[in-house]
>>> print(open('data38.cif').read())   # mmCIF, C-alpha atoms
data_structure
#
loop_
_atom_site.label_atom_id
_atom_site.label_comp_id
_atom_site.auth_asym_id
_atom_site.auth_seq_id
_atom_site.Cartn_x
_atom_site.Cartn_y
_atom_site.Cartn_z
CA MET T 1 51.16 5.87 -44.60
CA ARG T 2 48.56 7.72 -46.66
CA CYS T 3 47.04 10.97 -45.46
CA GLY T 4 44.01 10.19 -43.32
CA ASP T 5 45.14 6.68 -42.38
CA PRO T 6 45.22 6.00 -38.64
CA LEU T 7 48.50 5.85 -36.79
CA ARG T 8 49.35 2.23 -36.11
CA LEU T 9 50.74 1.60 -32.64
CA GLY T 10 52.01 -1.84 -31.68
CA PHE T 11 51.80 -3.52 -28.30
CA VAL T 12 52.58 -6.91 -26.81
CA PRO T 13 49.84 -8.27 -24.52
CA LEU T 14 51.20 -7.24 -21.15
CA VAL T 15 49.86 -5.22 -18.25
CA ASP T 16 52.21 -2.33 -19.03
CA SER T 17 50.52 -1.76 -22.40
CA VAL T 18 47.70 -0.20 -20.37
CA ALA T 19 48.46 3.42 -21.32
CA LEU T 20 47.98 2.62 -25.03
CA VAL T 21 44.83 0.59 -24.41
CA ALA T 22 43.24 3.18 -22.11
CA ALA T 23 44.13 6.07 -24.44
CA HIS T 24 42.45 4.21 -27.29
CA GLU T 25 39.40 2.91 -25.41
CA LEU T 26 38.67 6.08 -23.44
CA GLY T 27 39.17 8.59 -26.25
CA PHE T 28 42.38 10.30 -25.15
CA PHE T 29 43.87 9.89 -28.63
CA GLU T 30 40.73 11.36 -30.18
CA ARG T 31 40.88 14.37 -27.85
CA GLU T 32 44.27 15.16 -29.34
CA GLY T 33 42.82 14.90 -32.84
CA LEU T 34 44.51 11.57 -33.58
CA LYS T 35 43.15 8.52 -35.37
CA VAL T 36 44.89 5.48 -33.91
CA ALA T 37 44.72 1.75 -34.55
CA LEU T 38 46.32 -0.60 -32.03
CA SER T 39 48.10 -3.67 -33.36
CA ARG T 40 48.51 -6.68 -31.05
CA GLU T 41 51.93 -8.23 -31.72
CA VAL T 42 53.09 -11.70 -30.75
CA SER T 43 56.75 -10.93 -30.04
CA TRP T 44 59.27 -8.16 -29.54
CA ALA T 45 61.13 -9.19 -32.68
CA THR T 46 57.93 -8.54 -34.63
CA VAL T 47 57.65 -5.09 -33.06
CA ARG T 48 61.26 -4.33 -34.04
CA ASP T 49 60.82 -5.55 -37.61
CA LYS T 50 57.54 -3.71 -38.17
CA MET T 51 59.05 -0.51 -36.83
CA ALA T 52 61.98 -0.92 -39.20
CA VAL T 53 59.79 -1.10 -42.33
CA GLY T 54 57.27 1.52 -41.23
CA ALA T 55 54.40 -0.90 -40.65
CA LEU T 56 54.11 0.59 -37.15
CA ASP T 57 54.32 4.30 -36.38
CA GLY T 58 55.16 3.70 -32.74
CA ALA T 59 55.04 0.98 -30.13
CA HIS T 60 55.03 -0.17 -26.55
CA MET T 61 58.50 -1.69 -26.43
CA LEU T 62 61.31 -3.02 -24.33
CA ALA T 63 63.69 -0.21 -23.43
CA PRO T 64 66.79 -2.31 -24.28
CA LEU T 65 65.24 -3.13 -27.67
CA ALA T 66 65.24 0.59 -28.47
CA LEU T 67 68.87 0.85 -27.37
CA ALA T 68 69.99 -2.26 -29.28
CA SER T 69 68.18 -1.17 -32.43
CA THR T 70 69.81 2.25 -32.28
CA LEU T 71 73.23 0.70 -31.74
CA GLY T 72 72.69 -1.86 -34.50
CA VAL T 73 73.27 -5.00 -32.44
CA GLY T 74 71.03 -7.95 -33.25
CA SER T 75 69.68 -6.17 -36.35
CA ASP T 76 70.53 -3.46 -38.83
CA PRO T 77 70.70 -0.05 -37.13
CA ILE T 78 67.23 1.43 -36.58
CA PRO T 79 67.72 4.59 -34.50
CA MET T 80 64.89 4.93 -31.96
CA VAL T 81 63.76 7.59 -29.52
CA ALA T 82 61.75 7.05 -26.36
CA PRO T 83 59.86 10.16 -25.20
CA LEU T 84 57.94 8.23 -22.55
CA ALA T 85 58.69 5.53 -19.98
CA LEU T 86 55.81 3.08 -19.47
CA ASN T 87 56.84 0.87 -16.58
CA LEU T 88 59.26 0.31 -13.74
CA ASN T 89 59.76 -2.86 -11.68
CA GLY T 90 57.28 -4.89 -13.74
CA PRO T 91 59.00 -8.24 -14.40
CA ALA T 92 59.23 -11.24 -12.12
CA ILE T 93 61.17 -14.49 -12.06
CA THR T 94 59.05 -17.64 -11.94
CA LEU T 95 60.38 -21.17 -11.44
CA SER T 96 58.73 -24.47 -12.20
CA SER T 97 56.93 -26.24 -9.37
CA ARG T 98 59.02 -29.29 -10.32
CA LEU T 99 62.12 -27.65 -8.81
CA GLY T 100 60.85 -28.06 -5.26
CA PRO T 101 63.62 -26.84 -2.94
CA ALA T 102 64.61 -24.03 -5.31
CA LEU T 103 61.26 -22.33 -4.81
CA ARG T 104 62.17 -20.27 -1.76
CA ARG T 105 60.70 -16.80 -2.20
CA GLY T 106 63.12 -13.90 -2.01
CA PRO T 107 65.84 -12.22 -4.00
CA GLY T 108 68.42 -15.02 -3.70
CA ALA T 109 68.95 -17.90 -6.17
CA ASP T 110 70.88 -20.12 -3.73
CA GLY T 111 68.19 -22.82 -3.80
CA LEU T 112 68.33 -23.00 -7.58
CA ALA T 113 72.15 -23.07 -7.48
CA GLY T 114 71.98 -26.12 -5.21
CA VAL T 115 69.63 -27.96 -7.56
CA MET T 116 71.87 -27.18 -10.53
CA ALA T 117 75.01 -28.28 -8.67
CA ARG T 118 73.44 -31.64 -7.82
CA ARG T 119 72.40 -32.11 -11.44
CA ARG T 120 75.95 -31.40 -12.63
CA ALA T 121 77.31 -33.94 -10.15
CA GLU T 122 74.84 -36.52 -11.46
CA GLY T 123 75.72 -35.80 -15.08
CA ALA T 124 72.22 -34.57 -15.87
CA SER T 125 71.51 -32.18 -18.73
CA VAL T 126 71.43 -28.45 -18.06
CA LEU T 127 68.10 -26.81 -17.30
CA THR T 128 66.38 -24.48 -19.77
CA PHE T 129 65.07 -21.04 -18.84
CA ALA T 130 63.34 -18.43 -20.98
CA VAL T 131 63.32 -14.67 -21.39
CA VAL T 132 61.18 -12.55 -23.65
CA TYR T 133 64.00 -11.15 -25.81
CA PRO T 134 67.81 -11.19 -25.69
CA TYR T 135 67.91 -7.39 -25.30
CA SER T 136 65.54 -7.04 -22.36
CA VAL T 137 65.71 -6.16 -18.70
CA HIS T 138 64.20 -9.60 -18.16
CA ALA T 139 67.37 -11.21 -19.52
CA TYR T 140 69.58 -8.95 -17.38
CA LEU T 141 67.55 -9.56 -14.20
CA LEU T 142 67.57 -13.34 -14.65
CA ARG T 143 71.27 -13.42 -15.48
CA GLY T 144 72.20 -11.14 -12.56
CA TRP T 145 70.00 -13.04 -10.11
CA MET T 146 71.68 -16.30 -11.04
CA ALA T 147 75.19 -14.85 -11.12
CA GLN T 148 74.90 -13.63 -7.51
CA ALA T 149 74.40 -17.25 -6.48
CA GLY T 150 77.45 -18.43 -8.44
CA ILE T 151 75.53 -19.67 -11.48
CA GLU T 152 77.17 -18.74 -14.78
CA PRO T 153 74.27 -18.20 -17.21
CA ASP T 154 76.35 -18.79 -20.35
CA ARG T 155 77.74 -22.07 -19.01
CA ASP T 156 75.36 -23.63 -16.51
CA LEU T 157 72.01 -23.45 -18.31
CA ARG T 158 70.30 -23.04 -21.64
CA LEU T 159 68.63 -19.67 -22.16
CA MET T 160 65.94 -19.44 -24.82
CA VAL T 161 63.65 -16.68 -26.07
CA ALA T 162 59.87 -17.06 -26.04
CA SER T 163 56.81 -14.87 -26.27
CA PRO T 164 55.55 -13.83 -22.82
CA LEU T 165 52.15 -15.26 -23.79
CA ARG T 166 53.66 -18.77 -23.98
CA MET T 167 55.69 -18.80 -20.76
CA ALA T 168 53.14 -20.54 -18.54
CA GLU T 169 52.44 -23.14 -21.24
CA LEU T 170 56.15 -23.85 -21.75
CA LEU T 171 56.60 -24.22 -18.01
CA GLU T 172 53.65 -26.58 -17.68
CA ASP T 173 54.82 -28.70 -20.62
CA GLY T 174 58.29 -29.15 -19.13
CA ILE T 175 60.09 -27.33 -21.94
CA ILE T 176 61.47 -24.72 -19.54
CA GLU T 177 62.12 -24.74 -15.80
CA GLY T 178 61.78 -21.03 -15.23
CA PHE T 179 61.39 -17.66 -16.89
CA CYS T 180 61.48 -13.92 -16.41
CA ALA T 181 58.60 -11.98 -17.96
CA GLY T 182 56.12 -9.22 -17.31
CA GLU T 183 52.65 -9.53 -15.89
CA PRO T 184 50.15 -11.13 -16.01
CA TRP T 185 52.05 -14.18 -17.24
CA ASN T 186 53.90 -14.87 -13.97
CA SER T 187 50.61 -14.75 -12.10
CA ALA T 188 49.05 -17.01 -14.75
CA ALA T 189 51.77 -19.62 -14.23
CA GLU T 190 51.31 -19.47 -10.47
CA ALA T 191 47.51 -19.67 -10.71
CA SER T 192 47.76 -22.79 -12.89
CA GLY T 193 50.09 -24.48 -10.40
CA ALA T 194 52.83 -24.75 -13.01
CA GLY T 195 55.18 -22.39 -11.25
CA ARG T 196 55.88 -20.06 -8.39
CA ILE T 197 57.05 -16.46 -8.44
CA VAL T 198 60.34 -16.34 -6.54
CA ALA T 199 61.53 -12.75 -7.10
CA TRP T 200 60.11 -9.47 -8.34
CA ALA T 201 62.18 -6.85 -10.15
CA SER T 202 61.69 -4.43 -7.25
CA GLN T 203 63.48 -6.92 -4.97
CA LEU T 204 66.45 -7.13 -7.30
CA ARG T 205 66.97 -3.50 -8.28
CA ASP T 206 65.22 -0.32 -7.25
CA ARG T 207 63.53 1.44 -10.18
CA THR T 208 64.18 -1.35 -12.68
CA PRO T 209 63.52 0.22 -16.11
CA ASP T 210 61.36 -1.95 -18.35
CA LYS T 211 59.13 -0.56 -21.14
CA VAL T 212 59.05 2.66 -23.10
CA PHE T 213 56.91 4.13 -25.82
CA GLY T 214 59.17 4.34 -28.85
CA VAL T 215 59.22 5.69 -32.39
CA THR T 216 62.02 5.75 -34.92
CA GLU T 217 64.30 8.76 -34.87
CA ALA T 218 63.26 9.55 -38.45
CA TRP T 219 59.54 9.44 -37.60
CA ALA T 220 60.05 11.74 -34.62
CA ALA T 221 61.87 14.26 -36.81
CA ALA T 222 59.25 14.10 -39.57
CA ARG T 223 56.15 14.28 -37.34
CA PRO T 224 56.95 16.24 -34.18
CA ASP T 225 53.37 17.48 -33.73
CA ASP T 226 51.90 13.99 -33.90
CA LEU T 227 54.55 12.74 -31.48
CA SER T 228 53.64 15.45 -28.98
CA LYS T 229 49.97 14.55 -29.29
CA LEU T 230 50.73 10.87 -28.68
CA VAL T 231 52.75 11.70 -25.58
CA ARG T 232 49.98 13.90 -24.18
CA ALA T 233 47.32 11.27 -24.86
CA LEU T 234 49.35 8.53 -23.18
CA GLN T 235 50.12 10.76 -20.22
CA ALA T 236 46.40 11.56 -19.88
CA ALA T 237 45.63 7.83 -19.88
CA ALA T 238 48.22 7.31 -17.15
CA ALA T 239 46.69 10.10 -15.07
CA TRP T 240 43.28 8.44 -15.47
CA LEU T 241 44.71 5.14 -14.23
CA ALA T 242 46.35 6.78 -11.23
CA ALA T 243 43.02 8.02 -9.83
CA PRO T 244 41.64 5.96 -6.92
CA GLY T 245 39.59 2.93 -7.90
CA ARG T 246 40.75 2.79 -11.52
CA VAL T 247 42.77 -0.42 -11.37
CA ALA T 248 39.66 -2.62 -11.60
CA ASP T 249 38.32 -0.55 -14.51
CA ALA T 250 41.64 -0.77 -16.35
CA ALA T 251 41.82 -4.52 -15.73
CA ARG T 252 38.45 -4.93 -17.44
CA LEU T 253 39.72 -2.99 -20.45
CA LEU T 254 42.84 -5.13 -20.68
CA SER T 255 40.96 -8.39 -20.19
CA GLN T 256 39.23 -8.05 -23.56
CA PRO T 257 40.32 -10.60 -26.22
CA ALA T 258 41.75 -7.84 -28.42
CA TYR T 259 44.24 -6.97 -25.67
CA LEU T 260 45.34 -9.49 -23.03
CA GLY T 261 42.43 -11.90 -23.10
CA ALA T 262 43.12 -12.87 -19.48
CA ASP T 263 41.04 -12.93 -16.32
CA THR T 264 40.87 -9.65 -14.42
CA ALA T 265 42.02 -11.41 -11.23
CA LEU T 266 45.36 -12.12 -12.95
CA ILE T 267 45.67 -8.60 -14.35
CA GLU T 268 44.86 -6.49 -11.28
CA PRO T 269 47.97 -7.28 -9.15
CA GLY T 270 50.34 -6.25 -11.93
CA LEU T 271 48.35 -3.10 -12.61
CA ALA T 272 48.36 -2.15 -8.93
CA ASP T 273 52.14 -2.64 -8.84
CA LEU T 274 52.56 -0.51 -11.97
CA VAL T 275 50.53 2.33 -10.49
CA ALA T 276 52.41 2.12 -7.19
CA HIS T 277 55.84 2.21 -8.80
CA HIS T 278 55.38 4.43 -11.80
CA GLY T 279 51.89 5.41 -12.85
CA ALA T 280 51.95 3.89 -16.37
CA ALA T 281 53.69 6.82 -18.11
CA ASN T 282 56.33 9.28 -17.11
CA ALA T 283 59.43 11.12 -18.27
CA PRO T 284 62.24 8.77 -19.35
CA ARG T 285 65.47 9.03 -17.34
CA SER T 286 68.79 8.85 -19.18
CA ALA T 287 70.32 7.20 -16.11
CA ASP T 288 67.95 4.25 -16.59
CA GLY T 289 68.99 3.92 -20.22
CA ALA T 290 72.67 4.11 -19.27
CA TRP T 291 72.24 1.26 -16.75
CA LEU T 292 70.57 -0.88 -19.41
CA ALA T 293 73.35 -0.10 -21.87
CA SER T 294 75.93 -1.08 -19.24
CA GLU T 295 74.14 -4.43 -18.81
CA MET T 296 74.33 -4.97 -22.57
CA ILE T 297 78.09 -4.43 -22.32
CA ARG T 298 78.38 -6.64 -19.21
CA TRP T 299 76.79 -9.62 -20.95
CA GLY T 300 78.67 -9.24 -24.22
CA GLN T 301 75.76 -7.92 -26.26
CA ALA T 302 77.39 -4.56 -27.05
CA PRO T 303 81.01 -3.69 -27.78
CA PRO T 304 83.03 -2.98 -24.63
CA ASP T 305 83.88 0.52 -25.86
CA THR T 306 80.20 1.50 -26.20
CA ASP T 307 79.50 4.90 -24.63
CA ALA T 308 76.55 3.90 -22.46
CA ALA T 309 75.70 7.45 -21.42
CA ALA T 310 75.78 8.79 -24.98
CA LEU T 311 73.61 5.93 -26.25
CA ALA T 312 71.11 6.47 -23.45
CA SER T 313 70.93 10.21 -24.10
CA ARG T 314 70.25 9.61 -27.78
CA VAL T 315 67.36 7.21 -27.11
CA TYR T 316 65.89 8.40 -23.80
CA ARG T 317 64.40 11.82 -24.59
CA PRO T 318 62.90 13.62 -21.59
CA ASP T 319 63.11 16.82 -23.65
CA LEU T 320 60.46 15.47 -26.03
CA TYR T 321 58.26 14.52 -23.07
CA GLU T 322 58.58 17.96 -21.51
CA ALA T 323 57.99 19.77 -24.81
CA ALA T 324 54.83 17.75 -25.44
CA LEU T 325 53.34 18.57 -22.05
CA ALA T 326 54.32 22.24 -22.33
CA ALA T 327 52.65 22.71 -25.73
#
>>> encode(input="data38.cif", output="structure tokens")
Amino acid sequence: MRCGDPLRLGFVPLVDSVALVAAHELGFFEREGLKVALSREVSWATVRDKMAVGALDGAHMLAPLALASTLGVGSDPIPMVAPLALNLNGPAITLSSRLGPALRRGPGADGLAGVMARRRAEGASVLTFAVVYPYSVHAYLLRGWMAQAGIEPDRDLRLMVASPLRMAELLEDGIIEGFCAGEPWNSAAEASGAGRIVAWASQLRDRTPDKVFGVTEAWAAARPDDLSKLVRALQAAAAWLAAPGRVADAARLLSQPAYLGADTALIEPGLADLVAHHGAANAPRSADGAWLASEMIRWGQAPPDTDAAALASRVYRPDLYEAALAA
């Protein structure tokens, strides 16, 4: 990046990108003396690849993506650091309206297990479900939810990856029968009649870690002052959102075509949940990263001898968060 060029920060159109959008729209980046350009990305793989080649300076990203990139699973090693956590408990599991009896709300997947058992007995093809990325809490939540009901995700269904923006469309077109994604795309599927939300992350695991703000380890080492300024600006945006009455204002910001391009009525519930559970930005907790790393090991995505705690401590950096706010 040439001197004077804006910092390019990537985001995927989801409610939990709100800290980046608000910091940009409301001038919190400028107050820190930063020039920032936001880049709307279509997928998490694109975020990963752009981070790897330096086309993005930082990004709103899946926490397990940062862990997987650092470990070098699914791609060449790209060591990442996360000085800020952006969301907890955001995802939800949505099933197609076509599944009928499987649509019982609540944390259990017994209804779905019954449908799948009958299909196996009839010799029908396996059902297809979607997640936003292989290394995502969405994949771990969906897999764990099914496994508790006796469904074996790697045997009893087909699991595909799709952009969160396309989930409702894929559900409506009959390509998938369910998905796990962030908001507002579960609410969009329910509003269209294509699906029904059957379980929220908060029902499946308390404090489910989801998104972080991430930069490469090399970028953090080369530009510590800019990283501190970014953290302070994003934290200021989160504090703005946490004030009473701000959810509707933030929903209007996010509803713009450059960001989510969705109706505010679909955006507000997810924003309210984000504020209630986390506040849009906060110190990352190594324990959250260690749980995610253990899920990567559980589902065969990381070697069984991976030191989950050491990996989490390398990526999740509360020290950078605290240093930024103390400066």
>>> residues_around(input="data38.cif", residues="Ala68 of chain T", least_positions_apart="6", cutoff="12 Å", atoms="only C-alpha atoms", output="PDB file with C-alpha atoms, in the coordinates of the input")
ATOM      1  CA  ALA T  45      61.130  -9.190 -32.680  1.00  0.00           C
ATOM      2  CA  ARG T  48      61.260  -4.330 -34.040  1.00  0.00           C
ATOM      3  CA  MET T  61      58.500  -1.690 -26.430  1.00  0.00           C
ATOM      4  CA  LEU T  62      61.310  -3.020 -24.330  1.00  0.00           C
ATOM      5  CA  GLY T  74      71.030  -7.950 -33.250  1.00  0.00           C
ATOM      6  CA  SER T  75      69.680  -6.170 -36.350  1.00  0.00           C
ATOM      7  CA  ASP T  76      70.530  -3.460 -38.830  1.00  0.00           C
ATOM      8  CA  PRO T  77      70.700  -0.050 -37.130  1.00  0.00           C
ATOM      9  CA  ILE T  78      67.230   1.430 -36.580  1.00  0.00           C
ATOM     10  CA  PRO T  79      67.720   4.590 -34.500  1.00  0.00           C
ATOM     11  CA  MET T  80      64.890   4.930 -31.960  1.00  0.00           C
ATOM     12  CA  VAL T  81      63.760   7.590 -29.520  1.00  0.00           C
ATOM     13  CA  TYR T 133      64.000 -11.150 -25.810  1.00  0.00           C
ATOM     14  CA  PRO T 134      67.810 -11.190 -25.690  1.00  0.00           C
ATOM     15  CA  TYR T 135      67.910  -7.390 -25.300  1.00  0.00           C
ATOM     16  CA  SER T 136      65.540  -7.040 -22.360  1.00  0.00           C
ATOM     17  CA  GLY T 289      68.990   3.920 -20.220  1.00  0.00           C
ATOM     18  CA  LEU T 292      70.570  -0.880 -19.410  1.00  0.00           C
ATOM     19  CA  ALA T 293      73.350  -0.100 -21.870  1.00  0.00           C
ATOM     20  CA  SER T 294      75.930  -1.080 -19.240  1.00  0.00           C
ATOM     21  CA  GLU T 295      74.140  -4.430 -18.810  1.00  0.00           C
ATOM     22  CA  MET T 296      74.330  -4.970 -22.570  1.00  0.00           C
ATOM     23  CA  ILE T 297      78.090  -4.430 -22.320  1.00  0.00           C
ATOM     24  CA  GLN T 301      75.760  -7.920 -26.260  1.00  0.00           C
ATOM     25  CA  ALA T 302      77.390  -4.560 -27.050  1.00  0.00           C
ATOM     26  CA  PRO T 303      81.010  -3.690 -27.780  1.00  0.00           C
ATOM     27  CA  THR T 306      80.200   1.500 -26.200  1.00  0.00           C
ATOM     28  CA  ALA T 308      76.550   3.900 -22.460  1.00  0.00           C
ATOM     29  CA  LEU T 311      73.610   5.930 -26.250  1.00  0.00           C
ATOM     30  CA  ALA T 312      71.110   6.470 -23.450  1.00  0.00           C
ATOM     31  CA  ARG T 314      70.250   9.610 -27.780  1.00  0.00           C
ATOM     32  CA  VAL T 315      67.360   7.210 -27.110  1.00  0.00           C
TER      33      VAL T 315
END
>>> closest_residue(input="data38.cif", among="T:Ser97, T:Ser17, T:Ser187, T:Ser192", to="Pro269 of chain T", atoms="all atoms listed in the file")
T:Ser187
>>> closest_residue(input="data38.cif", among="T:Pro244, T:Gly300, T:Pro153, T:Gly111", to="Val73 of chain T", atoms="all atoms listed in the file")
T:Gly300
>>> atom_distance(input="data38.cif", atom1="atom CA of Gly195 of chain T", atom2="atom CA of Arg166 of chain T")
13.3 Å
>>> resolve_selection(input="data38.cif", expression="the PyMOL selection byres ((chain T and resi 29) around 12)", output="ChimeraX atom specification")
/T:6-7,9,19-28,30-38,226-237
>>> closest_residue(input="data38.cif", among="T:Ala258, T:Leu84, T:Leu141, T:Val12", to="Gln203 of chain T", atoms="only C-alpha atoms")
T:Leu141
>>> residues_around(input="data38.cif", residues="Val42 of chain T", least_positions_apart="5", cutoff="9 Å", atoms="all atoms listed in the file", output="list in words")
Phe11, Val12, Pro13, Val47, Ser163, Pro164 and Leu165 of chain T
>>> write_last_selection(input="data38.cif", atoms="C-alpha atoms", output="JSON list (two decimals), in the coordinates of the input")
[["chain", "number", "residue", "atom", "x", "y", "z"],
["T", 11, "PHE", "CA", 51.80, -3.52, -28.30],
["T", 12, "VAL", "CA", 52.58, -6.91, -26.81],
["T", 13, "PRO", "CA", 49.84, -8.27, -24.52],
["T", 47, "VAL", "CA", 57.65, -5.09, -33.06],
["T", 163, "SER", "CA", 56.81, -14.87, -26.27],
["T", 164, "PRO", "CA", 55.55, -13.83, -22.82],
["T", 165, "LEU", "CA", 52.15, -15.26, -23.79]]
>>> build_atoms(input="data38.cif", residues="segment 291-314 of chain T", atoms="N, CA and C atoms", output="compact mmCIF listing (two decimals), in the coordinates of the input")
# COMPACT_ATOMS: atom_id res chain seq x y z
N TRP T 291 72.09 2.53 -17.47
CA TRP T 291 72.24 1.26 -16.75
C TRP T 291 71.95 0.08 -17.67
N LEU T 292 70.90 0.20 -18.47
CA LEU T 292 70.57 -0.88 -19.41
C LEU T 292 71.70 -1.08 -20.42
N ALA T 293 72.25 0.01 -20.92
CA ALA T 293 73.35 -0.10 -21.87
C ALA T 293 74.57 -0.76 -21.22
N SER T 294 74.80 -0.46 -19.94
CA SER T 294 75.93 -1.08 -19.24
C SER T 294 75.70 -2.58 -19.06
N GLU T 295 74.45 -2.99 -18.89
CA GLU T 295 74.14 -4.43 -18.81
C GLU T 295 74.36 -5.11 -20.16
N MET T 296 74.05 -4.42 -21.24
CA MET T 296 74.33 -4.97 -22.57
C MET T 296 75.83 -5.21 -22.75
N ILE T 297 76.63 -4.27 -22.26
CA ILE T 297 78.09 -4.43 -22.32
C ILE T 297 78.54 -5.57 -21.41
N ARG T 298 77.99 -5.62 -20.20
CA ARG T 298 78.38 -6.64 -19.21
C ARG T 298 78.20 -8.04 -19.75
N TRP T 299 77.11 -8.28 -20.48
CA TRP T 299 76.79 -9.62 -20.95
C TRP T 299 77.20 -9.85 -22.40
N GLY T 300 78.09 -9.01 -22.91
CA GLY T 300 78.67 -9.24 -24.22
C GLY T 300 77.76 -8.97 -25.40
N GLN T 301 76.70 -8.22 -25.17
CA GLN T 301 75.76 -7.92 -26.26
C GLN T 301 76.15 -6.66 -27.03
N ALA T 302 76.94 -5.81 -26.42
CA ALA T 302 77.39 -4.56 -27.05
C ALA T 302 78.90 -4.48 -26.92
N PRO T 303 79.55 -3.82 -27.86
CA PRO T 303 81.01 -3.69 -27.78
C PRO T 303 81.45 -3.06 -26.46
N PRO T 304 82.58 -3.48 -25.93
CA PRO T 304 83.03 -2.98 -24.63
C PRO T 304 83.33 -1.48 -24.62
N ASP T 305 83.59 -0.91 -25.80
CA ASP T 305 83.88 0.52 -25.86
C ASP T 305 82.63 1.37 -26.11
N THR T 306 81.44 0.75 -26.02
CA THR T 306 80.20 1.50 -26.20
C THR T 306 80.08 2.59 -25.14
N ASP T 307 79.74 3.79 -25.56
CA ASP T 307 79.50 4.90 -24.63
C ASP T 307 78.06 4.80 -24.14
N ALA T 308 77.89 4.18 -22.98
CA ALA T 308 76.55 3.90 -22.46
C ALA T 308 75.76 5.18 -22.24
N ALA T 309 76.41 6.20 -21.70
CA ALA T 309 75.70 7.45 -21.42
C ALA T 309 75.26 8.14 -22.71
N ALA T 310 76.13 8.14 -23.71
CA ALA T 310 75.78 8.79 -24.98
C ALA T 310 74.64 8.05 -25.68
N LEU T 311 74.68 6.71 -25.65
CA LEU T 311 73.61 5.93 -26.25
C LEU T 311 72.29 6.20 -25.55
N ALA T 312 72.33 6.21 -24.23
CA ALA T 312 71.11 6.47 -23.45
C ALA T 312 70.55 7.85 -23.75
N SER T 313 71.39 8.84 -23.84
CA SER T 313 70.93 10.21 -24.10
C SER T 313 70.32 10.35 -25.50
N ARG T 314 70.82 9.56 -26.43
CA ARG T 314 70.25 9.61 -27.78
C ARG T 314 68.86 9.00 -27.82
